[in-house]
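Notes follow once the structure below has been shown.
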Amino acid sequence: MDNLTKKSFYDETHTVFGHHESKLLQWIFTIDHKRIALLYLVVMMAFFIIAIFVALSMRMELFAPGQQIMDPNTYNQAFTLHGVIMIFLFVIPGIPAVFGNFLLPLLIGARDVSFPRLNLLSWWLYMFGALLAVMSLFVGQGFADTGWTFYAPYSVQTGTNVIFALTAAYILGLASILTGINFVVTVHRLRAPGMGFFKMPLFVWGLYSTAWIQILATPVVGITLILVILERTLGIGIFDPSKGGDPILYEHLFWIYSHPAVYLMILPAFGVVSEILPTFCRRTIFGYRSIAISSAMIAIIGYLVWGHHLLTSGMSEWAKIIFAFLTFFVAIPTGIKFFDWVATMYKASIIFATPMLWVVGTIITFAIGGLTGLTLVTIGVDVHLHDTYFVVAHFHYTIFGGVVFMLFAAMHYWFPKFTGRMYCERSAKKAFYGIFIGFNTLWFPMFLAGAYGMPRRYFDYLPEFEIYHKIAGVGAVITIASILYMLYILIKAIKNGEPCGNNPWNSTTLEWQISSPPPLENFKNIPYVDFMPYEYEKGQPKRDLTKIIEGGNHD
Amino acid sequence: MTETTSPEIIYDKEGNAHEIVDFNDDYTGSKLGFWLFLFTELMLFGAMFLVFSFFFYRFSNDFVVASDNLNLVLGGINTIVLLLSTYFMGISLLSIRQNNIEKSKKMIYITIILSIIFLTIKYFEWMAEIHHGIYPDSQALNALSHGEILFFGLYFTMTGFHGIHIIVGIGVMLWAVKLINNKKITAQKYVVLENIALYWDIVHLVWVFLFPLFYMISFGGAS
């Protein structure tokens with residue numbers, strides 16, 4: 001229990017401009033990957049809470065037909081704000097920026113990422129982009145009302161602050177690129193000696209595939225957003241049909257990035273699943289290699305499927321068939337992962353701690369979300385379902401039921417690593433059930449509403465859809481209340497949680513072999529890794545590395 | 001915790017020594033990171049080339065007609081100027097590796113001067129078009145055919161982006177001179193200068209594609 005008195009990264013840090021007396025400056029100038037991760041976490045969660053309340057206000061507006069609490073223009077701005085915050089400020093940085101930053105060096109046995117200063121710069125850029133987005137709420141004609149996709153030609157014509165939002169998205173993209181570069185180099189250069197690519201923990205595989213998507217896809221959307229800005233300011237004509245330009249071209253360029261971006265969101269989440277499962281099943285993960293390779297496969301195929309967003313926008317029949325076929329193909333590596341996970345759980349003595357509950361919940365919700373994606377990409381069906389609530393439900397089942405659930409799982413699983421303390425298991429489980437029930441109440445009715453023809457992004461609706469909106473409204477309240485309850489439990493545990501030692505889950509990966517919270521520069525002695533990440537014997541970790549890492553003699 | 005000068009070594013079970021990469025001083029890592037950054041630059045310009053090829057395919061004739069308005073000689077001179085500048089940038093890198101500090105700095109200055117010449121010529125080219133009333137959303141341009149509007153829209157966008165890269169290049173070269181003066185770049189630690197040289201190559205490489213696509217598609221006169 002003495003690890004809470006030991007010096008950790010909370011007590012000392014490296015900063016970019018030498019030493020600072022002020023605690024605040026020590027945080028905002030820190031180049032320690034663990035502190036930067038926490039900086040991201042705090043800002044991201046703040047934006048997350050704002051965005052869920054924006055969503056709640058939309059649900060309240062839709063609770064009954066007709067106008068309730070806001071006018072149609074405000075409603076358009078509300079769903080744009082919700083989308084921009086959730087996508088660009090929360091889910092895209094999401095798991096990589098927080099848990100990737102904190103854990104990547106710990107998982108591969110490194111003392112920091114390859115470019116600690118660049119890492120801090122990423123966070124500053126992120127903050128700058130976030131500030132721009134917030135500022136645009138209060139100046140001129142208010143926040144953009146285009147939807148988070150900024151489709152031309154409307155984004156070129158609307159009077160709202162589209163330029164602000166686009167610039168913000170561009171800067172956030174830049175931050176994301178720099179993080180991606182940092183992670184790829186870190187994985188290539190700083191793995192502990194002996195740790196080959198196929199000895200890396202699977203979360204690292206997820207982060208590595210994600211980082212490549214960040215590097216290769218983000219610049220495309222960056223330049224696309226700039227072209228829209230130039231279109232608005234100078235009128236270069238590329239997306240303007242009256243000058244020979246083509247708005248559909250915008251949709252292609254946008255989705256060339258933004259479809260890989262959804263894999264960029266989900267791959268680290270899959271990585272989290274693969275970390276949590278072996279720990280609570282007390283056994284080696286089934287099919288390590290196939291899970292690792294399927295991450296890379298999803299990243300590669302995910303690059304080639306953007307056209308399925310444009311099935312109704314006017315494309316040649318052949319292009320539609322090819323894009324639909326490729327999209328079905330993505331389901332294969334995803335299915336491989338799912339079957340590997342289920343095979344890991346099969347006949348295991350599972351410990352249903354909170355992180356494991358989240359994983360099981362995700363396997364259900366993401367399966368629904370993923371399979372409805374295949375329904376959508378069936379070309380004929382898509383003509384009916386395109387731009388309906390079915391899409392909204394599908395999207396939230398994958399992103400909320402997949403990515404955000406796994407972010408929550410990671411928050412519980414690595415909570416002892418971050419703080420050295422344990423949250424209250426009983427309350428955390430209650431919060432899980434609340435969110436899980438609320439989540440399904442909120443979004444499942446949308447599948448039905450969409451299938452019956454309720455269009456998305458509409459301010460008002462026909463009376464026959466009222467029942468679905470009513471149920472969803474109730475679900476939204478349950479979900480938000482449970483999320484707040486969950487955050488309250490975790491925040492309370494930071495101060496009052498039981499001290500829990502270094503490795504409360506009795507896990508095998510490297511991050512648990514050092515003290516919790518970790519010291520500055522993580523490893524005193526870096527171990528030689530000639531073993532697989534998840535090796536259990538009779539439900540216990542096969543080896544104890546703590547002695548090697550702590551070392552007998554100091555320095 | 002203390003800074004060590006000799007690399008940290010660990011041993012595996014067979015007793016073989018393995019060096020631990022120091023994340024603060026990793027030559028290969030720095031270069032790998034910069035190459036990845038150059039990939040993002042390629043994707044950035046690549047997306048614009050994609051847009052160009054899309055419209056070139058759709059409005060081939062208009063593009064050839066519009067291209068005839070550009071000055072092939074000035075564009076050609078600029079290509080040579082930029083090519084020479086990458087040569088001097090390379091010599092600068094070689095000089096620093098041979099510990100010839102003064103020559104290295106001189107070569108960087110020559111590169112900067114050549115880049116300024118490039119920008120000056122570019123300025124006069126742009127001005128010539130603008131004097132003809134041809135700039136995005138101008139009346140004279142909007143009166144032309146769709147293909148010509150898009151050609152000039154892309155011309156100003158893409159050469160503008162390229163120009164910004166040149167200006168950034170001049171900035172980092174001045175920074176490199178400062179680092180050489182402060183002994184941060186030396187014959188042993190030259191990775192920053194090497195990366196700048198790589199950056200300068202990619203700036204030149206982009207121009208090598210811009211030049212034929214905008215200036216040379218009308219070579220021999222528009223039909």
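Labeling convention for the structure tokens: chains A, B, ... as they appear, residues from 1 per chain, ligands from 1 in order of appearance.
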Which residues come within 8 Å of Val65 in chain B, counting only C-alpha atoms, excluding same-chain residues fewer than 2 positions away, as a PyMOL selection string? chain B and resi 61-63+67-69+148+218+222-223
Please produce an output containing N, CA and C atoms for each residue in the selection, written as a PDB file, in the first residue's frame.
```
ATOM      1  N   ASN B  61     -10.591  20.432 -73.145  1.00  0.00           N
ATOM      2  CA  ASN B  61     -10.316  21.512 -74.102  1.00  0.00           C
ATOM      3  C   ASN B  61     -10.196  22.860 -73.419  1.00  0.00           C
ATOM      4  N   ASP B  62     -11.136  23.141 -72.521  1.00  0.00           N
ATOM      5  CA  ASP B  62     -11.089  24.427 -71.805  1.00  0.00           C
ATOM      6  C   ASP B  62      -9.768  24.578 -71.059  1.00  0.00           C
ATOM      7  N   PHE B  63      -9.310  23.476 -70.454  1.00  0.00           N
ATOM      8  CA  PHE B  63      -8.070  23.561 -69.692  1.00  0.00           C
ATOM      9  C   PHE B  63      -6.893  23.920 -70.599  1.00  0.00           C
ATOM     10  N   SER B  67      -4.713  27.230 -70.245  1.00  0.00           N
ATOM     11  CA  SER B  67      -3.285  27.070 -69.975  1.00  0.00           C
ATOM     12  C   SER B  67      -2.452  27.949 -70.899  1.00  0.00           C
ATOM     13  N   ASP B  68      -2.986  28.240 -72.097  1.00  0.00           N
ATOM     14  CA  ASP B  68      -2.270  29.065 -73.054  1.00  0.00           C
ATOM     15  C   ASP B  68      -2.007  30.471 -72.515  1.00  0.00           C
ATOM     16  N   ASN B  69      -2.800  30.904 -71.516  1.00  0.00           N
ATOM     17  CA  ASN B  69      -2.612  32.246 -70.950  1.00  0.00           C
ATOM     18  C   ASN B  69      -1.400  32.340 -70.036  1.00  0.00           C
ATOM     19  N   GLU B 148     -12.463  26.978 -67.941  1.00  0.00           N
ATOM     20  CA  GLU B 148     -11.449  28.009 -67.696  1.00  0.00           C
ATOM     21  C   GLU B 148     -11.566  28.577 -66.280  1.00  0.00           C
ATOM     22  N   SER B 218      -0.674  23.097 -72.849  1.00  0.00           N
ATOM     23  CA  SER B 218      -1.000  23.809 -74.093  1.00  0.00           C
ATOM     24  C   SER B 218       0.230  23.924 -74.987  1.00  0.00           C
ATOM     25  N   ALA B 222      -2.665  26.160 -78.373  1.00  0.00           N
ATOM     26  CA  ALA B 222      -3.994  25.569 -78.240  1.00  0.00           C
ATOM     27  C   ALA B 222      -4.607  25.412 -79.619  1.00  0.00           C
ATOM     28  N   SER B 223      -5.368  24.372 -79.803  1.00  0.00           N
ATOM     29  CA  SER B 223      -5.962  24.135 -81.109  1.00  0.00           C
ATOM     30  C   SER B 223      -7.178  25.017 -81.284  1.00  0.00           C
TER      31      SER B 223
END
```
List as a PyMOL selection string the protein and nucleic acid residues near range 268-284 of chain A, meaning an atom at most 6 Å away when only C-alpha atoms are counted, but skip any in the same chain fewer than 3 places from it. chain A and resi 202-203+206-207+348-351+403+406+507+534-536+539
Filtering to C-alpha atoms, could you give me those residues as a PDB file, in the first residue's frame?
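Written file, part.pdb:
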```
ATOM      1  CA  LEU A 202      -3.536  -5.858 -28.949  1.00  0.00           C
ATOM      2  CA  PHE A 203      -4.432  -2.336 -27.824  1.00  0.00           C
ATOM      3  CA  GLY A 206      -5.360  -0.988 -32.558  1.00  0.00           C
ATOM      4  CA  LEU A 207      -3.532   2.275 -31.914  1.00  0.00           C
ATOM      5  CA  ALA A 348     -13.688 -19.366 -19.193  1.00  0.00           C
ATOM      6  CA  SER A 349     -14.276 -18.582 -15.525  1.00  0.00           C
ATOM      7  CA  ILE A 350     -15.309 -15.023 -16.197  1.00  0.00           C
ATOM      8  CA  ILE A 351     -15.053 -12.399 -13.471  1.00  0.00           C
ATOM      9  CA  VAL A 403     -16.519   3.482 -29.069  1.00  0.00           C
ATOM     10  CA  MET A 406     -15.263   1.101 -24.636  1.00  0.00           C
ATOM     11  CA  SER A 507      -3.219  -8.602 -15.203  1.00  0.00           C
ATOM     12  CA  TYR A 534      -1.445 -12.543 -22.249  1.00  0.00           C
ATOM     13  CA  GLU A 535       0.055 -15.620 -20.646  1.00  0.00           C
ATOM     14  CA  TYR A 536      -1.911 -17.200 -17.807  1.00  0.00           C
ATOM     15  CA  GLY A 539      -5.914 -18.372 -13.907  1.00  0.00           C
TER      16      GLY A 539
END
```
Would you kindly report the residues of chain B within 6 Å of chain A, using only C-alpha atoms, as a PyMOL selection string? chain B and resi 12+23+33+40+43-44+47+136-137+146+153
Exercise: Lys320 in chain A partners within 8 Å, only C-alpha atoms, chain neighbours under 5 positions left out, as a ChimeraX atom specification: /A:307-308,311,315,379
For the residues selected in the previous step, produce a file with C-alpha atoms as a PDB file, in the first residue's frame.
```
ATOM      1  CA  GLY A 307     -18.680   5.511 -51.676  1.00  0.00           C
ATOM      2  CA  HIS A 308     -21.390   3.800 -49.621  1.00  0.00           C
ATOM      3  CA  LEU A 311     -25.202   5.403 -52.977  1.00  0.00           C
ATOM      4  CA  MET A 315     -22.886   7.209 -59.132  1.00  0.00           C
ATOM      5  CA  ILE A 379     -28.035  -0.858 -52.511  1.00  0.00           C
TER       6      ILE A 379
END
```
Test item: residues at most 10 Å from Met532 in chain A, only C-alpha atoms, excluding those fewer than 6 positions along its chain, as a PyMOL selection string: chain A and resi 195-196+198-201+284+288+508-509
Pick from B:Ala176, B:Ile108, B:Ile217, B:Ile117: nearest to Ile91 in chain B, with only C-alpha atoms counted?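 Residue with the minimum atom-to-atom distance to Ile91 in chain B: B:Ile108.
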Suppose you want the space between CA of Gly133 in chain B and CA of Ile166 in chain B; what is it in Å? 25.8 Å
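With only C-alpha atoms as the atoms that count, the minimum distance from His469 in chain A to the choices A:Tyr151, A:Tyr389, A:Phe48, A:Tyr485 is reached by A:Tyr389.
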Can you list every residue in chain B that DSSP puts in strand (DSSP E), as a list in words? Ile9, Ile10, Tyr11, Ala17, His18 and Glu19 of chain B
Go ahead and dump the residues you just picked, C-alpha atoms, as a short mmCIF file (atom, residue, chain, number, x, y, z; two decimals), in the first residue's frame.
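Output contents, as saved in again-v4.cif:
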```
data_model
loop_
_atom_site.label_atom_id
_atom_site.label_comp_id
_atom_site.auth_asym_id
_atom_site.auth_seq_id
_atom_site.Cartn_x
_atom_site.Cartn_y
_atom_site.Cartn_z
CA ILE B 9 22.00 -2.02 -22.33
CA ILE B 10 19.90 -4.98 -21.24
CA TYR B 11 20.55 -8.70 -21.67
CA ALA B 17 23.19 -7.42 -25.28
CA HIS B 18 20.31 -5.21 -26.50
CA GLU B 19 20.49 -1.47 -26.69
#
```
Return as a ChimeraX atom specification the full set of residues in range 250-369 of chain A whose backbone-based DSSP assignment is helix (DSSP H, G or I). /A:250-281,288-302,306-309,317-345,354-369
Using only C-alpha atoms, determine which residues lie at most 10 Å from Trp414 in chain A, disregarding the query and same-chain residues fewer than 4 positions distant; provide the list as a short mmCIF file (atom, residue, chain, number, x, y, z; two decimals) with N, CA and C atoms, in the first residue's frame.
```cif
data_model
loop_
_atom_site.label_atom_id
_atom_site.label_comp_id
_atom_site.auth_asym_id
_atom_site.auth_seq_id
_atom_site.Cartn_x
_atom_site.Cartn_y
_atom_site.Cartn_z
N PHE A 99 -6.24 7.36 -23.69
CA PHE A 99 -5.69 6.08 -23.24
C PHE A 99 -4.48 5.67 -24.08
N PHE A 102 -1.61 7.74 -22.58
CA PHE A 102 -1.23 7.28 -21.26
C PHE A 102 -0.56 5.91 -21.34
N LEU A 103 -1.14 5.01 -22.16
CA LEU A 103 -0.76 3.60 -22.05
C LEU A 103 0.21 3.11 -23.11
N ILE A 276 -9.13 -6.08 -22.12
CA ILE A 276 -9.95 -6.38 -20.93
C ILE A 276 -10.34 -7.84 -20.88
N PRO A 355 -15.53 -3.39 -15.89
CA PRO A 355 -15.01 -3.30 -17.27
C PRO A 355 -15.48 -4.46 -18.14
N ALA A 409 -15.44 1.70 -20.53
CA ALA A 409 -14.79 0.49 -20.02
C ALA A 409 -13.35 0.79 -19.65
N ALA A 410 -12.65 1.50 -20.56
CA ALA A 410 -11.25 1.83 -20.30
C ALA A 410 -11.12 2.72 -19.07
N PHE A 418 -4.48 4.93 -13.23
CA PHE A 418 -4.39 6.39 -13.23
C PHE A 418 -4.23 6.93 -11.82
N THR A 419 -4.93 6.32 -10.85
CA THR A 419 -5.05 6.95 -9.54
C THR A 419 -4.45 6.13 -8.41
N GLY A 420 -4.25 4.84 -8.60
CA GLY A 420 -3.81 3.99 -7.49
C GLY A 420 -4.95 3.64 -6.55
N MET A 422 -9.35 2.36 -6.13
CA MET A 422 -10.42 1.61 -6.78
C MET A 422 -11.75 2.32 -6.56
N TRP A 505 -6.20 -6.00 -10.82
CA TRP A 505 -6.88 -6.99 -11.66
C TRP A 505 -6.03 -8.23 -11.86
N GLU A 511 1.98 -2.56 -18.31
CA GLU A 511 1.65 -1.35 -17.57
C GLU A 511 1.31 -1.65 -16.12
N TRP A 512 0.87 -2.89 -15.82
CA TRP A 512 0.48 -3.22 -14.45
C TRP A 512 1.67 -3.67 -13.62
N SER A 516 1.32 2.02 -9.40
CA SER A 516 0.15 2.79 -9.82
C SER A 516 -0.10 3.88 -8.78
#
```
Met173 in chain B surroundings by only C-alpha atoms, 10 Å radius, close-in-sequence under 5 positions cut, as a short mmCIF file (atom, residue, chain, number, x, y, z; two decimals) with C-alpha atoms, in the first residue's frame:
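Below is the file that was written, result.cif:
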```cif
data_model
loop_
_atom_site.label_atom_id
_atom_site.label_comp_id
_atom_site.auth_asym_id
_atom_site.auth_seq_id
_atom_site.Cartn_x
_atom_site.Cartn_y
_atom_site.Cartn_z
CA MET B 89 20.33 22.67 -50.05
CA LYS B 105 25.55 28.36 -43.91
CA ILE B 108 21.56 27.83 -47.03
CA TYR B 109 21.70 31.55 -47.81
CA THR B 111 18.94 28.52 -51.24
CA ILE B 112 17.01 31.28 -49.53
CA ILE B 167 7.56 30.80 -47.45
CA VAL B 168 7.48 28.25 -44.63
CA LYS B 178 20.22 30.09 -36.06
CA LEU B 179 20.56 26.51 -34.82
CA LEU B 193 18.97 20.07 -41.41
CA ILE B 196 14.66 20.47 -43.89
CA ALA B 197 16.49 19.27 -47.00
CA TRP B 200 12.70 21.22 -49.64
#
```
Using only C-alpha atoms, what table do you get, as JSON lines, when you list each residue of range 75-117 of chain A with an atom no more than 10 Å from range 166-172 of chain A, its nearest pair of atoms, and their distance in Å rounded to one decimal, rows by chain then rising number?
```
{"residue": "A:Val84", "atom": "CA", "partner": "A:Ala169", "partner_atom": "CA", "distance": 8.1}
{"residue": "A:Ile85", "atom": "CA", "partner": "A:Ala169", "partner_atom": "CA", "distance": 9.8}
{"residue": "A:Ile87", "atom": "CA", "partner": "A:Ala169", "partner_atom": "CA", "distance": 9.7}
{"residue": "A:Phe88", "atom": "CA", "partner": "A:Ala169", "partner_atom": "CA", "distance": 6.6}
{"residue": "A:Leu89", "atom": "CA", "partner": "A:Leu172", "partner_atom": "CA", "distance": 7.6}
{"residue": "A:Ile92", "atom": "CA", "partner": "A:Leu172", "partner_atom": "CA", "distance": 9.2}
{"residue": "A:Pro93", "atom": "CA", "partner": "A:Leu172", "partner_atom": "CA", "distance": 8.6}
```
Output file for the residues above (N, CA and C atoms, as a PDB file, in the first residue's frame):
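Contents of the output file again_23.pdb:
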```
ATOM      1  N   VAL A  84     -20.474  18.237 -34.370  1.00  0.00           N
ATOM      2  CA  VAL A  84     -19.090  18.724 -34.431  1.00  0.00           C
ATOM      3  C   VAL A  84     -18.362  18.430 -33.120  1.00  0.00           C
ATOM      4  N   ILE A  85     -19.015  18.698 -31.997  1.00  0.00           N
ATOM      5  CA  ILE A  85     -18.349  18.443 -30.710  1.00  0.00           C
ATOM      6  C   ILE A  85     -18.089  16.958 -30.541  1.00  0.00           C
ATOM      7  N   ILE A  87     -17.968  14.460 -32.738  1.00  0.00           N
ATOM      8  CA  ILE A  87     -17.027  13.845 -33.675  1.00  0.00           C
ATOM      9  C   ILE A  87     -15.633  14.420 -33.517  1.00  0.00           C
ATOM     10  N   PHE A  88     -15.497  15.747 -33.696  1.00  0.00           N
ATOM     11  CA  PHE A  88     -14.159  16.308 -33.808  1.00  0.00           C
ATOM     12  C   PHE A  88     -13.497  16.543 -32.458  1.00  0.00           C
ATOM     13  N   LEU A  89     -14.285  16.811 -31.424  1.00  0.00           N
ATOM     14  CA  LEU A  89     -13.671  17.121 -30.136  1.00  0.00           C
ATOM     15  C   LEU A  89     -13.699  15.956 -29.165  1.00  0.00           C
ATOM     16  N   ILE A  92     -13.071  11.452 -32.113  1.00  0.00           N
ATOM     17  CA  ILE A  92     -11.853  11.271 -32.911  1.00  0.00           C
ATOM     18  C   ILE A  92     -10.592  11.336 -32.047  1.00  0.00           C
ATOM     19  N   PRO A  93     -10.419  12.370 -31.194  1.00  0.00           N
ATOM     20  CA  PRO A  93      -9.260  12.260 -30.295  1.00  0.00           C
ATOM     21  C   PRO A  93      -9.444  11.091 -29.328  1.00  0.00           C
TER      22      PRO A  93
END
```
Looking at B:Gly46, B:Gly163, B:Gly75, B:Gly15, which one is nearest to Glu125 in chain B, with distances taken over only C-alpha atoms?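 The answer is B:Gly75, which sits nearest to Glu125 in chain B.
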Given the choices A:Gly100, A:Thr375, A:Val392, A:Lys34, which gets closest to Phe79 in chain A if the distance is worked out from only C-alpha atoms?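 Residue with the minimum atom-to-atom distance to Phe79 in chain A: A:Val392.
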6 Å contact set for Ser85 in chain B, only C-alpha atoms, chain neighbours under 3 positions out, as a PyMOL selection string: chain B and resi 82+88+111+114
How about saving the chosen residues, N, CA and C atoms kept, as an mmCIF file, in the first residue's frame?
```cif
data_model
loop_
_atom_site.group_PDB
_atom_site.id
_atom_site.type_symbol
_atom_site.label_atom_id
_atom_site.label_comp_id
_atom_site.auth_asym_id
_atom_site.auth_seq_id
_atom_site.Cartn_x
_atom_site.Cartn_y
_atom_site.Cartn_z
ATOM 1 N N LEU B 82 14.144 26.524 -58.830
ATOM 2 C CA LEU B 82 13.833 25.659 -57.689
ATOM 3 C C LEU B 82 14.716 24.408 -57.706
ATOM 4 N N PHE B 88 21.639 23.261 -53.952
ATOM 5 C CA PHE B 88 22.420 23.966 -52.928
ATOM 6 C C PHE B 88 22.037 23.504 -51.530
ATOM 7 N N THR B 111 20.267 29.132 -51.064
ATOM 8 C CA THR B 111 18.944 28.519 -51.242
ATOM 9 C C THR B 111 17.843 29.525 -50.958
ATOM 10 N N LEU B 114 17.525 31.982 -53.804
ATOM 11 C CA LEU B 114 16.841 31.382 -54.951
ATOM 12 C C LEU B 114 15.333 31.269 -54.690
#
```
Would you work out the distance separating CA of Lys492 in chain A from CA of Val404 in chain A, expressed in Å to one decimal? 21.0 Å
